[in-house]
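In what follows, a single structure is set out as structure tokens and then discussed.
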Amino acid sequence: MKLNESHLMQLAAVLDAGTISGGAQALGQTQPAVSRSLAMLEARVGQPLFVKGKRPLQPTPLAAQLAAHGRAILTASRRATDTVKGFLSGTKGLVRVGGVPFFMDAMISRMIAEFQNVEPDVTVQQSYGNLPDLTAALEDDLIDLAIVPMGALEAPAGFEFTEILPGRNVVSCRTGHPLLRKLRLQISDLGDYPWVAPLPGSPLMSDLHSILLANGMSEISIRYSGGSLMSVINYMSETNALAVLPFSVVFAQRREQRITVLPLDIPQPNRSLGILRRVTPNRPQAADRLASFVCSAFEDLKHLIKRHENAVVWG
């Protein structure tokens, strides 16, 4: 025997209201329509649903059990409605975010946490990658947003790029590094110390080569590679190794006072950190809300980062 789920929902609403008219009103239906449905349910089960002569309506033992199932269906239906409303408004749902590792670890993950304090019903799934991998993931609908450094004119057709922070790289070292005590620091001094290599595929690798070429340095000693941001910071804080890092990443670590900036003006890349998205009418609203939150957070950070940058006496 298969019962009509809507009949069970109507039975539950009527019993909760105490009257057929009250149950119909709660469901947004007419009383005659609900009466017909209950008559059909009663005929289907072959048993009475209400105790005769009782007001408000009292269920028979069978009806009470059926109403319990109807309430479960009604609750699930209302939750599903809330889910759809939340998805369309961006207050519920899943956002898949991919990004370059150092930026994700230094800044974006904290912003995601702050976003979820405001939107607790949005789940965020984070992944790592460089620009080619993340662009492919966007094309294949594996992620919704990509946090990447790229040039303003590099966005492929069908994509939009929103800048959130101008690009600036620095040579970073541990606090207390011998080069910080040098009165006339020169680019050539960088060759006297070991280096941490950027992650494979990172544009920071080409930036490091640009520094070498611009200053006639043929090679440097790479002593450590492949680490996460935290492992790079841990390594640098215990050695005299140097690394090319985005200025904003070093800024995000300022309170730890473990790494700092060497005051050298080095060749700068022609790119910015931003949010890469597909141009599509069916883009999840929750992803757009997260993107707007990140943009707003970086608007506040830009002034602090610029103030910190201006405090450095660049050589």
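Naming works like this for the structure tokens: A, B, ... for the chains as they're shown, residue 1 at the start of each chain, ligands 1 onward in shown order.
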- Give the helix (DSSP H, G or I) residues of segment 30-144 of chain A, as DSSP finds them on the backbone, and put them as a PyMOL selection string. chain A and resi 31-45+61-89+101-118+131-139
Mind running segment 55-151 of chain A against segment 166-189 of chain A at 10 Å and telling me each contacting residue's nearest atom pair with the distance in Å (one decimal), counting only C-alpha atoms, chain and number ascending, as CSV?
residue,atom,partner,partner_atom,distance
A:Pro149,CA,A:Gly167,CA,7.6
A:Met150,CA,A:Gly167,CA,8.9
A:Gly151,CA,A:Gly167,CA,9.4
Export of prior selection with C-alpha atoms as a short mmCIF file (atom, residue, chain, number, x, y, z; two decimals), in the first residue's frame:
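Written output follows (again27.cif):
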data_model
loop_
_atom_site.label_atom_id
_atom_site.label_comp_id
_atom_site.auth_asym_id
_atom_site.auth_seq_id
_atom_site.Cartn_x
_atom_site.Cartn_y
_atom_site.Cartn_z
CA PRO A 149 47.77 36.59 -8.90
CA MET A 150 47.50 37.59 -12.53
CA GLY A 151 47.75 40.53 -14.90
#
- Can you list, as a PyMOL selection string, every protein, DNA or RNA residue that comes within 9 Å of segment 264-276 of chain A when you count only C-alpha atoms, leaving out same-chain residues fewer than 2 positions away? chain A and resi 103+134-135+138+144-152+155+159-171+185-187+207+210-211+214+261-262+278+291+294-295+313-315
- From A:Val279, A:Ala13, A:Ile20, A:Leu94, residue lying nearest Arg36 of chain A [only C-alpha atoms]: A:Ile20
- Task: Check the DSSP output for the backbone and give back, as a PyMOL selection string, the residues of segment 77-226 of chain A in strand (DSSP E).
- Result: chain A and resi 93-99+122-128+145-150+159-166+169-174+195-196+222-224
Please write the residues from the selection above to a file, keeping C-alpha atoms, as a PDB file, in the first residue's frame.
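Output saved as out-v2.pdb:
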ATOM      1  CA  GLY A  93      25.039  26.401   0.331  1.00  0.00           C
ATOM      2  CA  LEU A  94      28.523  25.219  -0.558  1.00  0.00           C
ATOM      3  CA  VAL A  95      31.278  27.471  -1.904  1.00  0.00           C
ATOM      4  CA  ARG A  96      34.326  25.811  -3.481  1.00  0.00           C
ATOM      5  CA  VAL A  97      37.363  28.069  -3.297  1.00  0.00           C
ATOM      6  CA  GLY A  98      40.748  27.378  -4.843  1.00  0.00           C
ATOM      7  CA  GLY A  99      43.799  29.546  -4.409  1.00  0.00           C
ATOM      8  CA  VAL A 122      27.511  28.485   4.187  1.00  0.00           C
ATOM      9  CA  THR A 123      30.032  25.641   3.903  1.00  0.00           C
ATOM     10  CA  VAL A 124      33.390  26.410   2.303  1.00  0.00           C
ATOM     11  CA  GLN A 125      35.534  23.769   0.588  1.00  0.00           C
ATOM     12  CA  GLN A 126      39.093  24.992   0.051  1.00  0.00           C
ATOM     13  CA  SER A 127      41.738  23.671  -2.317  1.00  0.00           C
ATOM     14  CA  TYR A 128      45.180  24.762  -3.551  1.00  0.00           C
ATOM     15  CA  LEU A 145      36.157  31.021  -7.043  1.00  0.00           C
ATOM     16  CA  ALA A 146      39.904  31.179  -7.604  1.00  0.00           C
ATOM     17  CA  ILE A 147      42.171  33.485  -5.579  1.00  0.00           C
ATOM     18  CA  VAL A 148      45.108  34.050  -7.922  1.00  0.00           C
ATOM     19  CA  PRO A 149      47.765  36.587  -8.902  1.00  0.00           C
ATOM     20  CA  MET A 150      47.495  37.593 -12.531  1.00  0.00           C
ATOM     21  CA  PHE A 159      36.033  34.833 -17.102  1.00  0.00           C
ATOM     22  CA  GLU A 160      36.162  37.960 -14.981  1.00  0.00           C
ATOM     23  CA  PHE A 161      39.015  39.033 -12.734  1.00  0.00           C
ATOM     24  CA  THR A 162      38.430  41.328  -9.755  1.00  0.00           C
ATOM     25  CA  GLU A 163      41.566  42.860  -8.289  1.00  0.00           C
ATOM     26  CA  ILE A 164      41.722  42.783  -4.502  1.00  0.00           C
ATOM     27  CA  LEU A 165      45.341  43.766  -3.878  1.00  0.00           C
ATOM     28  CA  PRO A 166      48.086  45.271  -6.060  1.00  0.00           C
ATOM     29  CA  ASN A 169      57.103  41.292  -3.835  1.00  0.00           C
ATOM     30  CA  VAL A 170      59.863  41.614  -1.259  1.00  0.00           C
ATOM     31  CA  VAL A 171      62.944  39.727  -0.165  1.00  0.00           C
ATOM     32  CA  SER A 172      62.128  38.309   3.239  1.00  0.00           C
ATOM     33  CA  CYS A 173      64.393  37.064   6.025  1.00  0.00           C
ATOM     34  CA  ARG A 174      64.261  36.258   9.712  1.00  0.00           C
ATOM     35  CA  TRP A 195      67.459  30.747  -0.481  1.00  0.00           C
ATOM     36  CA  VAL A 196      64.086  29.113  -0.070  1.00  0.00           C
ATOM     37  CA  ILE A 222      68.676  26.845  -2.995  1.00  0.00           C
ATOM     38  CA  ARG A 223      68.713  25.054   0.345  1.00  0.00           C
ATOM     39  CA  TYR A 224      65.011  24.400   0.949  1.00  0.00           C
TER      40      TYR A 224
END
